[in-house]
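Q: Sharing a structure with you now.
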Amino acid sequence: MIEFVFSVLLLSGIAAGLAMILVISEKVIQNYGPCKITLNKGKKELTVEGGKPLLTTLKEQKIFLPSACGGRGTCGVCKCKVLNGAGPLLPTETPYMDDKERKEGVRLACQVKVRNDMEIEIPAFLFAIQQYQAKLAAVEDLTYDMKRFRFELLGPETMDFVAGQYVQITCPAYKKGVDEVSRAYSIASDPKDTHFVELIVRRVPNGICTTWLFDYLKVGQPVQLTGPYGEFRMSDTQAPMIFIAGGSGMAPFVSILHQMRHVGSTRKADYFFGGNSVRDLCLGQQMAEFEKAIPSFTFHPVVARPHPEDNWTGQTGLVTEAVKRQYSDLSGHEGYLCGSPGMIDASIKVLVGLGMPQDKVYYDKFA
Amino acid sequence: MKQSPQDKNLEGMLRSGRLVAGGFLGTDTRRPEDIIAEDAAVLRRLGYNASQVAARMQDLRDLARPALGTWIQVDEVLQVKSEDYKGVIVCPWPHEGRYEKRITTAQRLDTGQSISWSDLNIHFVRDHGFFEGRGAFFRIEPDELIKVIFNG
C-alpha cells in the first residue's frame, strides 16, 4: 500500500515538475522582446513588445483594423499585407484568401503573431480611424425588424466622416457564453451632425450583436465605436445616379442625401427601395423631405407583394424589375447599391444589361 | 462511452454562444454525437438520408434566391422564400467553411406548416448529419422538415 501511494506521489511530482518546466520555458522562449513594425514603407514605425497577435498589437497602438469576430479568426475581415516577418500562411487563414491575396502576402492580422520585426501595408485611411466612447442617445422603431440607433459621441466628441462610410460597434459579452464581437454598420446620419452617429440595423434572427442592440442595450448606456471605415461614397462626377437598396441597406443613402442637401446638389438621383410588403417600407416621411429639399432627387418605393388590405398604389414587383421598367439606356448613369450579395448581384446584372459600365457600379455588399 | 478530447472541444464550441447567440445545442443536454445518431435514426425510419435532405434544402434555397426575399411557388402545395441578412457565419467543426447569413423558409400551402433553415443548416445536415440541439434557434426536427419539403 505504501509503495502504491509512493508511486502515485512520485508520478504526480514528475508531472508537476514537467508542467512547471513547460510554463517557464514558454515564458522564456516566447519572450520576443521589442519588435519593430514598419507600416506602409516607413509612413509609420512602431516599437512594440512581441508575442501578441498583430491585430491586438496594432489596436494597442491605436491602429484599428476592421474585425468582426474579436480576433478569433472566424470573420476574415482583418486582412493586411505583411511583406516581411510573418512566417508561412497558417491553415486558419487559407479559407479566407484567394490566389491573388496569397501571392501578395495578404494575411489575417488576428492570426499572425508578432515575433520579430515586420513590414506591413494597410489602407492609408486606417491611420485616421479612432476609437470612440459613446452612449446610446435614442432608439426609433422603423419597421417590425428594423431600428434606428442614435449614439452620442463622448470621447472624442466628434467624428468627421464621408457619407457612405461605416463604423464598427463593439458588442460586449452581454450574457454568459457570448464573447465580445464587433460588427460593421453604415452610418445613416448627417455628416454635419458630427457629435452623433446614427445606424439603421435590421435584426438578424439569433444574431449576437443585433440581439444585444435590440434586447439588451438601453438608452444612456455606454457603447464603443471605431471608425469611420470604408470607401463607399458618391463619386465627384455629375453623372445621374441610381441608388438601389432595401432594408438596412438604406443607411448610407440617408447619409448621402443629407450631404446632397447641404451642398445644394442638382445631380439627378433616383432611389429604388425594395420591400417584400408594405410593412417593410420605412422613412417615407424623411424621403419626402429629401425630395422637397433636393429637387433632382426621386424616391421610388417598390413593394414585391402588397396585400390587398395595404391599398398599395405604388410600384410592385422586384426592385430590379422597377429599374428595368423605368430605363432603357443607363450608359451615362452611375449605380450605387447597398445590401445583400443576392440583391447586389441581381442589380448589377440589370444595370450592366441596360448599358451601365461595370466600373460605374459602386456597391457596399453585406458581409 | 468516453468522449475524445476533439469531441469534447467540439461540444464546447457548439454549446457556447461564440458564433450564434445561445449556441447550436440550445437546452439539449445530449452529446452532439447522440443528437446526430438519433436524428439519423428518424431519417432512416422515414426512408431518407442526410444527403437527400440537404440536397432538397439546397435546391429549394436556390429556387428561392432569385426572388430576393419574396415567396415563390414551387408546386401546388409548396412555396419558398430566401432572405439575406448582414454577415457571415463559420462552421464550428474544425474545417474550412463560411456561410452567408441567409434564411430559407418553406411553407406548405395546404397545411400552413412552415420551416426555416440557414445556409449553415444545409452544410450541417449534408456534411455532419447535424440538425442542432433542441431549444437551439435553428433546430430542425427531421420529421417535420421531411413533411414540409418532401410532402412526406
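All residue names refer to the C-alpha cells as shown: chains lettered A, B, ... in order, residues numbered from 1 in each chain, ligands numbered from 1 in order.
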Chain B residues within 6 Å of chain A, counting only C-alpha atoms: which ones, as a VMD selection string?
A: chain B and resid 16 to 18 20 to 21 70 84 86 to 88 96
Q: How about saving the chosen residues, C-alpha atoms kept, as a PDB file, in the first residue's frame?
A:
```
ATOM      1  CA  SER B  16     -21.007  28.250 -26.473  1.00  0.00           C
ATOM      2  CA  GLY B  17     -22.506  31.430 -27.831  1.00  0.00           C
ATOM      3  CA  ARG B  18     -19.321  32.357 -29.663  1.00  0.00           C
ATOM      4  CA  VAL B  20     -24.546  32.378 -32.542  1.00  0.00           C
ATOM      5  CA  ALA B  21     -26.487  33.671 -29.570  1.00  0.00           C
ATOM      6  CA  THR B  70     -40.258  37.184 -51.797  1.00  0.00           C
ATOM      7  CA  ASP B  84     -30.391  37.551 -46.758  1.00  0.00           C
ATOM      8  CA  LYS B  86     -25.901  41.066 -42.903  1.00  0.00           C
ATOM      9  CA  GLY B  87     -22.864  38.959 -42.124  1.00  0.00           C
ATOM     10  CA  VAL B  88     -21.329  35.530 -42.478  1.00  0.00           C
ATOM     11  CA  GLU B  96     -12.911  25.476 -43.726  1.00  0.00           C
TER      12      GLU B  96
END
```
Q: Excluding range 135-147 of chain B and its own-chain neighbours fewer than 6 positions away, which residues fall within 9 Å of it when counting only C-alpha atoms? Please give them as number ranges by chain.
A: A: 205-206; B: 21-28, 39-40, 42-43, 46, 48, 53, 113-118, 121
Q: So which residues touch Gly69 in chain B within 8 Å, counting only C-alpha atoms, skipping near sequence neighbours fewer than 2 positions away, as a PDB file with C-alpha atoms, in the first residue's frame?
A:
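The new file around_27.pdb reads:
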```pdb
ATOM      1  CA  ASN A 276     -41.428  42.452 -49.721  1.00  0.00           C
TER       2      ASN A 276
ATOM      3  CA  ALA B  64     -35.977  30.982 -53.906  1.00  0.00           C
ATOM      4  CA  ARG B  65     -32.854  33.139 -54.179  1.00  0.00           C
ATOM      5  CA  ALA B  67     -36.912  36.193 -55.889  1.00  0.00           C
ATOM      6  CA  TRP B  71     -42.312  33.990 -51.901  1.00  0.00           C
ATOM      7  CA  LYS B  81     -38.540  32.364 -49.838  1.00  0.00           C
ATOM      8  CA  SER B  82     -34.941  33.103 -49.045  1.00  0.00           C
ATOM      9  CA  GLU B  83     -33.903  36.181 -47.086  1.00  0.00           C
ATOM     10  CA  ASP B  84     -30.391  37.551 -46.758  1.00  0.00           C
TER      11      ASP B  84
END
```
Q: To one decimal place in Å, what is the distance between CA of His262 in chain A and CA of Phe161 in chain A?
A: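 Pair CA of His262 in chain A / CA of Phe161 in chain A returns 14.5 Å.
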Q: Give me, as a JSON list (two decimals) with C-alpha atoms, in the first residue's frame, all polymer residues having an atom no more than 9 Å from Gly335 in chain A, counting only C-alpha atoms and skipping those fewer than 6 positions away in the same chain.
A:
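Saved the output as selection_25.json:
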```
[["chain", "number", "residue", "atom", "x", "y", "z"],
["A", 240, "PRO", "CA", -27.05, 60.84, -62.84],
["A", 241, "MET", "CA", -27.22, 58.26, -60.07],
["A", 242, "ILE", "CA", -29.37, 55.27, -59.35],
["A", 243, "PHE", "CA", -29.45, 54.08, -55.74],
["A", 244, "ILE", "CA", -30.77, 50.58, -55.04],
["A", 348, "ILE", "CA", -25.54, 44.60, -61.21],
["A", 351, "LEU", "CA", -27.75, 47.77, -64.58],
["A", 356, "MET", "CA", -24.16, 50.88, -67.38],
["A", 360, "LYS", "CA", -19.62, 52.72, -62.73],
["A", 361, "VAL", "CA", -21.46, 50.37, -60.40],
["A", 362, "TYR", "CA", -20.39, 51.06, -56.82],
["A", 363, "TYR", "CA", -21.57, 48.79, -54.08]]
```
